[in-house]
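Next comes data_36.csv, a file with CSV, C-alpha atoms.
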chain,number,residue,atom,x,y,z
A,1,MET,CA,102.9,126.5,-9.8
A,2,LEU,CA,100.7,127.3,-12.7
A,3,ARG,CA,98.6,130.5,-12.5
A,4,VAL,CA,95.6,130.6,-14.9
A,5,ARG,CA,93.3,133.4,-15.9
A,6,VAL,CA,89.7,132.6,-16.8
A,7,ASP,CA,88.0,135.2,-19.0
A,8,LEU,CA,84.2,134.9,-19.5
A,9,LEU,CA,83.2,135.2,-23.1
A,10,SER,CA,79.5,134.8,-22.1
A,11,ALA,CA,77.6,134.9,-18.9
A,12,LEU,CA,78.4,132.0,-16.5
A,13,HIS,CA,76.2,129.9,-14.3
A,14,HIS,CA,78.2,127.8,-11.9
A,15,GLY,CA,75.4,126.7,-9.6
A,16,SER,CA,75.1,126.2,-5.9
A,17,GLY,CA,72.0,123.9,-6.4
A,18,MET,CA,70.0,126.3,-4.2
A,19,ALA,CA,67.6,129.1,-4.6
A,20,LYS,CA,68.2,132.7,-3.5
A,21,GLY,CA,65.2,134.3,-1.9
A,22,GLU,CA,61.8,134.2,-3.5
A,23,PHE,CA,62.8,135.3,-7.0
A,24,VAL,CA,66.0,133.3,-8.0
A,25,ASP,CA,65.5,129.6,-8.5
A,26,ARG,CA,69.1,128.8,-9.3
A,27,ALA,CA,71.8,130.8,-7.6
A,28,VAL,CA,75.5,130.9,-8.4
A,29,LEU,CA,78.0,129.4,-6.0
A,30,ARG,CA,79.3,131.9,-3.5
A,31,ARG,CA,82.1,132.1,-1.0
A,32,TYR,CA,81.7,133.1,2.7
A,33,ASP,CA,81.9,136.8,1.7
A,34,GLY,CA,79.3,136.6,-1.0
A,35,LEU,CA,81.7,136.6,-4.0
A,36,PRO,CA,80.9,134.0,-6.7
A,37,TYR,CA,83.6,131.5,-7.5
A,38,ILE,CA,84.2,128.4,-9.7
A,39,ALA,CA,85.0,125.3,-7.7
A,40,GLY,CA,88.4,123.8,-8.3
A,41,SER,CA,86.9,120.3,-8.5
A,42,ALA,CA,84.8,121.4,-11.5
A,43,ILE,CA,87.9,122.9,-13.2
A,44,LYS,CA,89.9,119.8,-12.5
A,45,GLY,CA,87.1,117.6,-14.1
A,46,LYS,CA,87.1,119.7,-17.3
A,47,LEU,CA,90.9,119.6,-17.6
A,48,ARG,CA,91.1,115.9,-16.9
A,49,HIS,CA,88.6,115.2,-19.7
A,50,ALA,CA,90.7,117.4,-22.0
A,51,ALA,CA,93.9,115.6,-20.9
A,52,GLU,CA,92.4,112.2,-21.7
A,53,GLN,CA,91.6,113.5,-25.2
A,54,ILE,CA,95.2,114.7,-25.7
A,55,VAL,CA,96.8,111.5,-24.4
A,56,ALA,CA,94.4,109.4,-26.5
A,57,GLU,CA,95.4,111.3,-29.6
A,58,ARG,CA,99.1,110.6,-28.9
A,59,LEU,CA,98.6,106.9,-28.2
A,60,GLY,CA,95.9,106.2,-30.8
A,61,ARG,CA,93.7,104.8,-28.0
A,62,ARG,CA,92.2,105.8,-24.7
A,63,PRO,CA,94.8,106.1,-21.9
A,64,HIS,CA,93.2,103.4,-19.8
A,65,ALA,CA,92.4,101.0,-22.7
A,66,GLY,CA,91.7,97.4,-21.5
A,67,MET,CA,91.1,98.5,-17.9
A,68,THR,CA,87.5,97.7,-16.9
A,69,ALA,CA,87.4,100.4,-14.3
A,70,GLY,CA,88.6,103.1,-16.8
A,71,PHE,CA,91.6,104.1,-14.7
A,72,CYS,CA,95.0,102.8,-13.6
A,73,LYS,CA,94.6,100.6,-10.6
A,74,LYS,CA,98.3,100.1,-9.8
A,75,GLU,CA,101.7,101.5,-10.6
A,76,PRO,CA,103.0,102.5,-13.0
A,77,ARG,CA,100.1,104.9,-13.5
A,78,CYS,CA,99.6,106.7,-16.8
A,79,LEU,CA,100.3,110.4,-17.2
A,80,VAL,CA,96.6,111.4,-16.8
A,81,CYS,CA,96.2,109.4,-13.5
A,82,ARG,CA,99.5,110.8,-12.2
A,83,VAL,CA,98.4,114.3,-12.7
A,84,PHE,CA,94.7,114.1,-11.9
A,85,GLY,CA,94.4,111.1,-9.7
A,86,ASN,CA,91.7,108.4,-9.7
A,87,PRO,CA,89.6,106.6,-7.1
A,88,MET,CA,92.6,104.4,-6.2
A,89,ALA,CA,95.2,107.1,-5.7
A,90,MET,CA,95.5,110.9,-5.4
A,91,GLY,CA,96.9,112.9,-8.3
A,92,LYS,CA,99.8,115.3,-7.9
A,93,ALA,CA,97.9,118.4,-9.2
A,94,VAL,CA,96.0,120.5,-6.6
A,95,PHE,CA,93.5,122.9,-8.1
A,96,SER,CA,92.4,126.0,-6.2
A,97,ASP,CA,88.9,127.5,-6.7
A,98,ALA,CA,88.8,130.3,-9.3
A,99,VAL,CA,88.0,133.6,-7.7
A,100,PRO,CA,87.3,137.0,-9.3
A,101,ILE,CA,90.5,139.0,-10.1
A,102,ASP,CA,88.8,142.3,-9.4
A,103,PRO,CA,86.3,141.7,-6.5
A,104,SER,CA,85.3,145.4,-6.6
A,105,LEU,CA,83.3,144.7,-9.8
A,106,PHE,CA,80.7,142.9,-7.6
A,107,GLY,CA,80.2,145.8,-5.2
A,108,ILE,CA,80.6,143.8,-2.1
A,109,VAL,CA,78.8,145.5,0.8
A,110,GLU,CA,79.3,143.8,4.2
A,111,GLU,CA,76.1,145.4,5.6
A,112,SER,CA,73.8,144.0,2.9
A,113,GLU,CA,71.6,141.0,3.6
A,114,ASP,CA,73.4,138.6,1.2
A,115,LYS,CA,76.7,140.5,1.0
A,116,ALA,CA,76.7,140.7,-2.8
A,117,ALA,CA,75.3,143.7,-4.7
A,118,ALA,CA,73.9,143.3,-8.2
A,119,ALA,CA,77.0,144.6,-9.9
A,120,GLY,CA,78.7,141.8,-11.8
A,121,LEU,CA,75.7,139.5,-11.5
A,122,GLU,CA,72.5,139.2,-13.6
A,123,GLU,CA,69.3,137.3,-13.4
A,124,ARG,CA,67.9,135.5,-16.4
A,125,THR,CA,64.3,134.3,-16.6
A,126,THR,CA,63.7,131.3,-18.9
A,127,THR,CA,61.1,128.5,-19.4
A,128,ALA,CA,61.5,124.8,-19.6
A,129,VAL,CA,60.8,123.2,-23.0
A,130,ASN,CA,59.2,119.8,-23.6
A,131,ARG,CA,61.8,118.3,-26.0
A,132,LEU,CA,59.4,115.6,-27.2
A,133,ARG,CA,56.5,118.0,-28.0
A,134,ARG,CA,58.8,121.0,-28.7
A,135,VAL,CA,56.6,123.4,-26.7
A,136,VAL,CA,57.0,125.5,-23.6
A,137,GLN,CA,56.0,123.6,-20.5
A,138,ALA,CA,53.3,125.2,-18.4
A,139,LYS,CA,54.3,126.4,-14.9
A,140,HIS,CA,58.0,125.9,-15.6
A,141,LEU,CA,59.2,129.5,-15.5
A,142,PHE,CA,62.5,129.8,-13.6
A,143,THR,CA,65.1,132.4,-12.9
A,144,THR,CA,68.8,131.7,-13.1
A,145,GLU,CA,71.5,133.9,-11.5
A,146,VAL,CA,74.6,134.3,-13.7
A,147,VAL,CA,78.0,136.1,-13.5
A,148,SER,CA,78.2,138.8,-16.1
A,149,ARG,CA,80.2,138.4,-19.3
A,150,CYS,CA,83.7,139.9,-19.3
A,151,ILE,CA,84.4,139.2,-15.6
A,152,ALA,CA,87.8,137.5,-15.1
A,153,PHE,CA,88.7,134.8,-12.6
A,154,ARG,CA,92.0,133.3,-11.6
A,155,PHE,CA,93.0,129.8,-10.2
A,156,THR,CA,96.2,128.0,-9.5
A,157,VAL,CA,97.5,124.5,-10.1
A,158,GLU,CA,100.2,123.3,-7.6
A,159,GLY,CA,101.6,120.0,-6.5
A,160,GLY,CA,105.2,119.6,-7.6
A,161,LEU,CA,104.4,118.7,-11.2
A,162,ASP,CA,107.4,117.8,-13.4
A,163,GLU,CA,107.8,119.3,-16.9
A,164,GLU,CA,105.9,116.6,-18.7
A,165,GLU,CA,103.0,116.8,-16.3
A,166,LEU,CA,102.9,120.6,-16.4
A,167,GLU,CA,102.9,120.5,-20.2
A,168,LEU,CA,99.8,118.2,-20.2
A,169,VAL,CA,98.0,120.7,-18.0
A,170,ARG,CA,99.0,123.6,-20.2
A,171,GLN,CA,97.8,121.8,-23.3
A,172,SER,CA,94.5,120.9,-21.6
A,173,LEU,CA,93.8,124.5,-20.9
A,174,LEU,CA,93.6,125.1,-24.6
A,175,LEU,CA,90.8,122.6,-25.1
A,176,VAL,CA,88.5,123.9,-22.3
A,177,THR,CA,85.9,126.2,-23.9
A,178,HIS,CA,83.1,126.1,-21.4
A,179,LEU,CA,82.6,125.9,-17.6
A,180,GLY,CA,79.4,125.7,-15.5
A,181,GLY,CA,76.0,124.8,-16.7
A,182,GLY,CA,73.6,126.1,-19.4
A,183,GLY,CA,75.9,125.6,-22.3
A,184,SER,CA,72.9,124.9,-24.6
A,185,ARG,CA,71.5,128.3,-23.6
A,186,GLY,CA,74.7,130.1,-24.5
A,187,LEU,CA,76.2,130.2,-21.0
A,188,GLY,CA,79.7,129.4,-19.8
A,189,ALA,CA,81.9,130.2,-22.8
A,190,VAL,CA,85.4,130.8,-21.4
A,191,GLU,CA,89.1,131.3,-22.4
A,192,LEU,CA,91.8,129.9,-20.1
A,193,THR,CA,95.2,131.6,-20.3
A,194,GLU,CA,98.4,130.7,-18.5
A,195,GLU,CA,99.7,133.7,-16.6
A,196,GLN,CA,102.7,132.2,-14.8
A,197,SER,CA,104.2,128.8,-14.1
A,198,GLU,CA,107.2,127.3,-12.3
A,199,LEU,CA,108.4,123.9,-11.5
A,200,GLN,CA,108.2,122.9,-7.8
A,201,ASN,CA,110.6,120.6,-6.1
Show how you would write the structure in this file as structure tokens.
Amino acid sequence: MLRVRVDLLSALHHGSGMAKGEFVDRAVLRRYDGLPYIAGSAIKGKLRHAAEQIVAERLGRRPHAGMTAGFCKKEPRCLVCRVFGNPMAMGKAVFSDAVPIDPSLFGIVEESEDKAAAAGLEERTTTAVNRLRRVVQAKHLFTTEVVSRCIAFRFTVEGGLDEEELELVRQSLLLVTHLGGGGSRGLGAVELTEEQSELQN
């Protein structure tokens, strides 16, 4: 198992795709108890992209070069497909959701309407910009909920990875610098740090 700490270097918006009440147009993704989290599938996607870059650098070409689908359709599968899977076969690695290490920072109050107090969360109001005309678009004011900077999350990677596969995940952690949306607005800068790992049989 690999245990990974996620430190936020800037505020993070990992969106639910839904609004929250009348004043927040884009809410963060929350668990059943109101705590924000980062979906394991999103983390897996970022790490897979990083892993493909690493393997491409080693091989001098993309890992799936010559394959029209862009992935290994049959055995033997490449290292990336073994670890992360593809549409034809499951990968060995299983990624948990990243949850806050210290939930008390969010001031969870079970009696509250939405179960999450303002602590640890912020609301940012911005406007949409017309990229062609380079002006603010009229009637496009929106509010985005973000997790405050300096909050730390943790996720795990399991699945009986061998040493080579585990090392690929470790190296991929070093290349991931952002999670969530709003990177062009300064959101989602992160640092991923391995806390603990062990081979599983």
Nearest to Gly186 of chain A by atom-to-atom distance, counting all atoms listed in the file, from A:Val4, A:Glu158, A:Ala11, A:Leu166: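 Comparing A:Val4, A:Glu158, A:Ala11, A:Leu166 against Gly186 of chain A, the winner is A:Ala11.
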Best match for closeness to Ile151 of chain A among A:Ile101, A:Glu57, A:Lys73, A:Arg31, counting all atoms listed in the file: A:Ile101
Nearest residue to Thr193 of chain A from the set A:Gln137, A:Ser96, A:Gln171, A:Ser148 (distances using only C-alpha atoms): A:Gln171
Distance query Glu194 of chain A at most 7 Å, all atoms listed in the file, self and fewer than 2 positions along chain excluded, as a list of chain:residue names: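 That gives A:Arg3, A:Val4, A:Arg5, A:Leu192, A:Gln196.
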Among listed residues A:Lys92, A:Arg149, A:Lys46, A:Arg77, nearest Gly120 of chain A (using all atoms listed in the file):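 The answer is A:Arg149, which sits nearest to Gly120 of chain A.
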Interatomic distance, atom CA of Leu105 of chain A to atom CA of Thr126 of chain A (Å, one decimal): 25.4 Å
Counting all atoms listed in the file, the option among A:Phe84, A:Phe155, A:Phe95, A:Phe106 closest to Ala50 of chain A: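 Going through A:Phe84, A:Phe155, A:Phe95, A:Phe106 one by one, the smallest distance to Ala50 of chain A is for A:Phe84.
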Separation of atom CA of Gly45 of chain A from atom CA of Asp97 of chain A in Å: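 We find that atom CA of Asp97 of chain A and atom CA of Gly45 of chain A lie 12.5 Å from each other.
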Of the listed residues A:Gly85, A:Pro36, A:Ala56, A:Ala98, that which approaches Gly159 of chain A most closely, counting all atoms listed in the file: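 Among A:Gly85, A:Pro36, A:Ala56, A:Ala98, it is A:Gly85 that comes nearest to Gly159 of chain A.
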All residues 7 Å or closer to Glu123 of chain A, all atoms listed in the file, same chain fewer than 5 positions away omitted, as a ChimeraX atom specification: /A:143-146
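Interatomic distance, atom CA of Arg170 of chain A to atom CA of Pro100 of chain A: 20.9 Å.
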Because some atoms of segment 159-188 of chain A are absent here, can you restore N, CA and C atoms and send them as an mmCIF file, in the frame of the given file?
data_model
loop_
_atom_site.group_PDB
_atom_site.id
_atom_site.type_symbol
_atom_site.label_atom_id
_atom_site.label_comp_id
_atom_site.auth_asym_id
_atom_site.auth_seq_id
_atom_site.Cartn_x
_atom_site.Cartn_y
_atom_site.Cartn_z
ATOM 1 N N GLY A 159 101.412 121.393 -6.792
ATOM 2 C CA GLY A 159 101.600 120.000 -6.500
ATOM 3 C C GLY A 159 102.874 119.352 -6.922
ATOM 4 N N GLY A 160 103.882 120.141 -7.240
ATOM 5 C CA GLY A 160 105.200 119.600 -7.600
ATOM 6 C C GLY A 160 105.150 118.791 -8.915
ATOM 7 N N LEU A 161 104.496 119.321 -9.920
ATOM 8 C CA LEU A 161 104.400 118.700 -11.200
ATOM 9 C C LEU A 161 105.771 118.788 -11.948
ATOM 10 N N ASP A 162 106.181 117.699 -12.624
ATOM 11 C CA ASP A 162 107.400 117.800 -13.400
ATOM 12 C C ASP A 162 107.038 118.422 -14.783
ATOM 13 N N GLU A 163 108.021 118.613 -15.632
ATOM 14 C CA GLU A 163 107.800 119.300 -16.900
ATOM 15 C C GLU A 163 106.774 118.655 -17.783
ATOM 16 N N GLU A 164 106.835 117.328 -17.884
ATOM 17 C CA GLU A 164 105.900 116.600 -18.700
ATOM 18 C C GLU A 164 104.457 116.754 -18.193
ATOM 19 N N GLU A 165 104.302 116.672 -16.884
ATOM 20 C CA GLU A 165 103.000 116.800 -16.300
ATOM 21 C C GLU A 165 102.437 118.207 -16.407
ATOM 22 N N LEU A 166 103.311 119.178 -16.218
ATOM 23 C CA LEU A 166 102.900 120.600 -16.400
ATOM 24 C C LEU A 166 102.507 120.879 -17.803
ATOM 25 N N GLU A 167 103.213 120.302 -18.748
ATOM 26 C CA GLU A 167 102.900 120.500 -20.200
ATOM 27 C C GLU A 167 101.530 119.928 -20.512
ATOM 28 N N LEU A 168 101.170 118.799 -19.909
ATOM 29 C CA LEU A 168 99.800 118.200 -20.200
ATOM 30 C C LEU A 168 98.750 119.162 -19.660
ATOM 31 N N VAL A 169 98.955 119.754 -18.495
ATOM 32 C CA VAL A 169 98.000 120.700 -18.000
ATOM 33 C C VAL A 169 97.883 121.918 -18.890
ATOM 34 N N ARG A 170 99.029 122.420 -19.327
ATOM 35 C CA ARG A 170 99.000 123.600 -20.200
ATOM 36 C C ARG A 170 98.242 123.300 -21.510
ATOM 37 N N GLN A 171 98.484 122.142 -22.113
ATOM 38 C CA GLN A 171 97.800 121.800 -23.300
ATOM 39 C C GLN A 171 96.276 121.607 -23.095
ATOM 40 N N SER A 172 95.941 121.080 -21.918
ATOM 41 C CA SER A 172 94.500 120.900 -21.600
ATOM 42 C C SER A 172 93.783 122.187 -21.469
ATOM 43 N N LEU A 173 94.470 123.226 -20.996
ATOM 44 C CA LEU A 173 93.800 124.500 -20.900
ATOM 45 C C LEU A 173 93.281 125.012 -22.223
ATOM 46 N N LEU A 174 93.970 124.673 -23.295
ATOM 47 C CA LEU A 174 93.600 125.100 -24.600
ATOM 48 C C LEU A 174 92.304 124.487 -25.132
ATOM 49 N N LEU A 175 91.970 123.319 -24.570
ATOM 50 C CA LEU A 175 90.800 122.600 -25.100
ATOM 51 C C LEU A 175 89.513 122.918 -24.285
ATOM 52 N N VAL A 176 89.654 123.563 -23.137
ATOM 53 C CA VAL A 176 88.500 123.900 -22.300
ATOM 54 C C VAL A 176 87.838 125.167 -22.858
ATOM 55 N N THR A 177 86.615 125.057 -23.350
ATOM 56 C CA THR A 177 85.900 126.200 -23.900
ATOM 57 C C THR A 177 84.708 126.637 -23.108
ATOM 58 N N HIS A 178 84.249 125.767 -22.191
ATOM 59 C CA HIS A 178 83.100 126.100 -21.400
ATOM 60 C C HIS A 178 83.235 125.590 -19.952
ATOM 61 N N LEU A 179 82.660 126.327 -19.031
ATOM 62 C CA LEU A 179 82.600 125.900 -17.600
ATOM 63 C C LEU A 179 81.158 126.173 -17.139
ATOM 64 N N GLY A 180 80.766 125.474 -16.099
ATOM 65 C CA GLY A 180 79.400 125.700 -15.500
ATOM 66 C C GLY A 180 78.353 125.024 -16.355
ATOM 67 N N GLY A 181 77.119 125.367 -16.025
ATOM 68 C CA GLY A 181 76.000 124.800 -16.700
ATOM 69 C C GLY A 181 75.357 125.748 -17.711
ATOM 70 N N GLY A 182 74.351 125.249 -18.428
ATOM 71 C CA GLY A 182 73.600 126.100 -19.400
ATOM 72 C C GLY A 182 74.306 126.336 -20.683
ATOM 73 N N GLY A 183 75.219 125.437 -21.062
ATOM 74 C CA GLY A 183 75.900 125.600 -22.300
ATOM 75 C C GLY A 183 74.986 125.663 -23.524
ATOM 76 N N SER A 184 73.892 124.885 -23.470
ATOM 77 C CA SER A 184 72.900 124.900 -24.600
ATOM 78 C C SER A 184 72.140 126.175 -24.655
ATOM 79 N N ARG A 185 72.198 126.958 -23.590
ATOM 80 C CA ARG A 185 71.500 128.300 -23.600
ATOM 81 C C ARG A 185 72.489 129.411 -23.771
ATOM 82 N N GLY A 186 73.700 129.077 -24.183
ATOM 83 C CA GLY A 186 74.700 130.100 -24.500
ATOM 84 C C GLY A 186 75.488 130.590 -23.299
ATOM 85 N N LEU A 187 75.472 129.838 -22.204
ATOM 86 C CA LEU A 187 76.200 130.200 -21.000
ATOM 87 C C LEU A 187 77.548 129.522 -20.912
ATOM 88 N N GLY A 188 78.469 130.119 -20.177
ATOM 89 C CA GLY A 188 79.700 129.400 -19.800
ATOM 90 C C GLY A 188 80.838 129.392 -20.763
#
